[in-house]
Amino acid sequence: MRSLPLVSALTLITLVSSAAAHPGLRKTPWLMDVRTGELTVMVERQEPGPVTVRLVPIRAANQPASREGEVVTESRDSLALHEVTVRGLRPATAYRYEVRGPGLSPFEARVATAPEAQPFVPTRFIVYGDTRSRAAQHRAIVQAIVARAPDWVLHTGDLLDDGRDERQWQSFFEIEAPLLDHTPWLAVVGNHELVRPSSTGLDHFRRYVHCEPSSPSPEIDTTFSWANVFVVAVNAYDDFSDVTKMQWLERALAQARHDADESHGWLLFASHWGPRSSGPHGDNRPFRRVNMDAVLRRHRVDLVISGHDHAYERGDDQGLRYLVSGGGGAPLYRQRHDNAHSRIYERAYHFVQIDVTHERLVITAIRPDGSALDRCGLRHDTGWDCDPPPWQRPHTVPGPDGGTSVEVFASNSQGNCRCSAVSRAGPTRAWLGVLVTLVGLLMGLRKSRTGTRDVVYRSPR
């Protein structure tokens with residue numbers, strides 16, 4: 001289903017990739033802003049100095065070694081952190097790359113460049129997020145993702161617990177190194193990177209993330225594409241009532257929709273806090289104020305992807321199809337809101353594998369042990385294909401206390417997904433639900449910290 005060169009290029013690599021194994025490097029390379037014919041290699045030295053990046057196409061086993069197609073790019077400034085953009089690469093090509101420099105132990109790994117959008121190319125990418133505070137769970141997620149050999153990965157935000165703490169950034173990249181040293185990465189900014197009262201967290205995010213720079217808020221509002229998948233990623237806490245920002249968003253979505261239609265591809269919208277969630281945070285209130293739902297529907301966004309609530313959720317609200325993936329390492333959240341548009345809500349550590357085909361996105365939510373907690377297909381016009389088609393009236397049965405209970409299908413004849421149950425309980429259970437909700441809200445207020453509240457963030461221009 002996927003093209004063999006990309007699969008072979010991103011096979012699990014047995015290189016030791018920690019900075020400790022490469023004297024002179026504080027953070028081993030990570031790959032960003034990969035486009036057809038170019039990519040950016042990020043690397044941080046222990047001490048300031050220059051670096052050189054060399055890429056050589058990987059030849060088949062039965063072909064003699066050759067440097068044909070070699071590309072060398074030098075970053076000659078005496079810096080600690082380098083962003084080396086390499087151009088002139090072949091699309092859909094596996095390369096061996098090297099990072100060298102004075103005082104550095106040479107680093108070697110592999111990467112595959114992005115294919116062109118036409119003809120259609122089946123691909124695989126991974127969605128995960130809220131890796132935050134539990135290193136063991138975060139590490140297990142990364143190891144499981146590496147075994148899946150994705151073409152690229154999308155992080156839904158809250159990379160760490162406090163974006164102001166440089167030590168946490170160091171720990172994040174040490175855990176992620178086995179994945180990010182050979183897999184292109186797109187990161188969405190989260191509230192734990194925007195942590196208040198200082199802007200240090202945002203400064204660090206912009207320091208370590210390199211994205212397409214055309215938006216009014218470089219690095220935090222951006223676009224990305226890989227083959228036939230087109231992504232518009234935004235800061236969920238920004239003020240989109242600002243005319244300049246909304247105009248940029250409208251243009252970005254329109255261009256991505258055009259490109260997706262031209263290549264029979266897919267348009268995705270990503271933000272840390274999404275328009276819909278059945279977890280404690282609920283729906284994105286800043287988005288609601290600017291009627292973001294209407295914007296996304298008007299541009300026929302195929303899938304909305306977010307994190308923020310630490311769980312897995314899949315749903316469809318009148319054509320607004322969404323995924324919430326926040327099970328990458330932060331403490332897990334129980335379901336708080338009983339939404340009819342939610343198909344499944346699972347409190348579990350996980351990541352989401354998305355296999356892109358011409359007709360559908362095959363979406364599989366996977367636990368760190370490799371077991372699947374949900375599997376479903378998404379089609380352009382008809383939406384999720386694992387839910388009972390068409391939506392029928394739920395079967396009504398009497399509740400145990402004389403009230404009315406509504407039973408919703410848990411799965412269809414294919415048996416390849418689980419869907420959340422919706423119930424309307426009698427009076428006793430209803431009051432109990434209200435009490436549980438109030439206790440949960442009080443506990444949430446007690447745990448909340450000033451620096452991570454969900455407030456609109458107005459980024460500097």
# chains A, B, ... in the order shown; residues from 1 in each chain; ligands from 1
>>> select_by_dssp(residues="segment 249-376 of chain A", states="helix (DSSP H, G or I)", output="tab-separated table (two decimals) with N, CA and C atoms, in the first residue's frame")
chain	number	residue	atom	x	y	z
A	249	LEU	N	-5.39	32.80	7.86
A	249	LEU	CA	-5.97	31.47	8.01
A	249	LEU	C	-6.87	31.13	6.82
A	250	GLU	N	-7.70	32.08	6.40
A	250	GLU	CA	-8.57	31.84	5.25
A	250	GLU	C	-7.76	31.54	4.00
A	251	ARG	N	-6.69	32.31	3.78
A	251	ARG	CA	-5.85	32.07	2.60
A	251	ARG	C	-5.16	30.72	2.68
A	252	ALA	N	-4.65	30.38	3.86
A	252	ALA	CA	-3.94	29.11	4.03
A	252	ALA	C	-4.88	27.93	3.79
A	253	LEU	N	-6.08	28.00	4.33
A	253	LEU	CA	-7.04	26.92	4.14
A	253	LEU	C	-7.49	26.82	2.68
A	254	ALA	N	-7.69	27.98	2.06
A	254	ALA	CA	-8.11	27.97	0.65
A	254	ALA	C	-7.04	27.36	-0.23
A	255	GLN	N	-5.77	27.72	0.01
A	255	GLN	CA	-4.68	27.16	-0.80
A	255	GLN	C	-4.54	25.65	-0.55
A	256	ALA	N	-4.61	25.26	0.70
A	256	ALA	CA	-4.50	23.84	1.01
A	256	ALA	C	-5.66	23.05	0.43
A	257	ARG	N	-6.87	23.64	0.45
A	257	ARG	CA	-8.02	22.95	-0.15
A	257	ARG	C	-7.84	22.80	-1.66
A	258	HIS	N	-7.33	23.84	-2.30
A	258	HIS	CA	-7.06	23.78	-3.74
A	258	HIS	C	-6.04	22.70	-4.04
A	259	ASP	N	-4.94	22.67	-3.28
A	259	ASP	CA	-3.89	21.68	-3.52
A	259	ASP	C	-4.41	20.26	-3.27
A	260	ALA	N	-5.23	20.10	-2.24
A	260	ALA	CA	-5.78	18.78	-1.96
A	260	ALA	C	-6.72	18.34	-3.08
A	261	ASP	N	-7.55	19.25	-3.59
A	261	ASP	CA	-8.46	18.89	-4.68
A	261	ASP	C	-7.69	18.54	-5.95
A	262	GLU	N	-6.63	19.29	-6.23
A	262	GLU	CA	-5.83	19.04	-7.44
A	262	GLU	C	-5.17	17.68	-7.41
A	285	ARG	N	-13.13	27.53	23.41
A	285	ARG	CA	-13.96	28.73	23.53
A	285	ARG	C	-13.48	29.88	22.65
A	286	PRO	N	-12.15	30.16	22.52
A	286	PRO	CA	-11.73	31.20	21.58
A	286	PRO	C	-12.15	30.90	20.14
A	287	PHE	N	-12.13	29.62	19.74
A	287	PHE	CA	-12.60	29.25	18.41
A	287	PHE	C	-14.09	29.53	18.26
A	288	ARG	N	-14.84	29.24	19.31
A	288	ARG	CA	-16.29	29.44	19.25
A	288	ARG	C	-16.63	30.92	19.04
A	289	ARG	N	-15.86	31.80	19.67
A	289	ARG	CA	-16.15	33.23	19.57
A	289	ARG	C	-15.98	33.75	18.15
A	292	MET	N	-15.20	29.42	14.36
A	292	MET	CA	-14.23	28.63	13.62
A	292	MET	C	-14.87	27.43	12.94
A	293	ASP	N	-15.95	26.90	13.52
A	293	ASP	CA	-16.64	25.77	12.89
A	293	ASP	C	-17.04	26.11	11.46
A	294	ALA	N	-17.60	27.29	11.27
A	294	ALA	CA	-18.06	27.69	9.94
A	294	ALA	C	-16.88	27.83	8.98
A	295	VAL	N	-15.75	28.33	9.48
A	295	VAL	CA	-14.56	28.48	8.63
A	295	VAL	C	-14.09	27.11	8.16
A	296	LEU	N	-14.02	26.16	9.07
A	296	LEU	CA	-13.51	24.82	8.73
A	296	LEU	C	-14.48	24.10	7.79
A	297	ARG	N	-15.76	24.24	8.02
A	297	ARG	CA	-16.73	23.59	7.13
A	297	ARG	C	-16.70	24.23	5.74
A	298	ARG	N	-16.55	25.55	5.68
A	298	ARG	CA	-16.56	26.24	4.39
A	298	ARG	C	-15.41	25.78	3.51
>>> select_by_dssp(residues="segment 187-335 of chain A", states="strand (DSSP E)", output="ChimeraX atom specification")
/A:187,222-226,229-234,266-271,303-306,312-317,320-325
>>> closest_residue(among="A:Thr93, A:Phe173, A:Glu359, A:Arg100", to="Ser75 of chain A", atoms="only C-alpha atoms")
A:Arg100
>>> atom_distance(atom1="atom CA of Arg334 of chain A", atom2="atom CA of Gly282 of chain A")
11.7 Å
>>> atom_distance(atom1="atom CA of Ala112 of chain A", atom2="atom CA of Val362 of chain A")
22.0 Å
>>> closest_residue(among="A:Asp283, A:Leu323, A:Tyr128, A:Val290", to="His337 of chain A", atoms="only C-alpha atoms")
A:Asp283
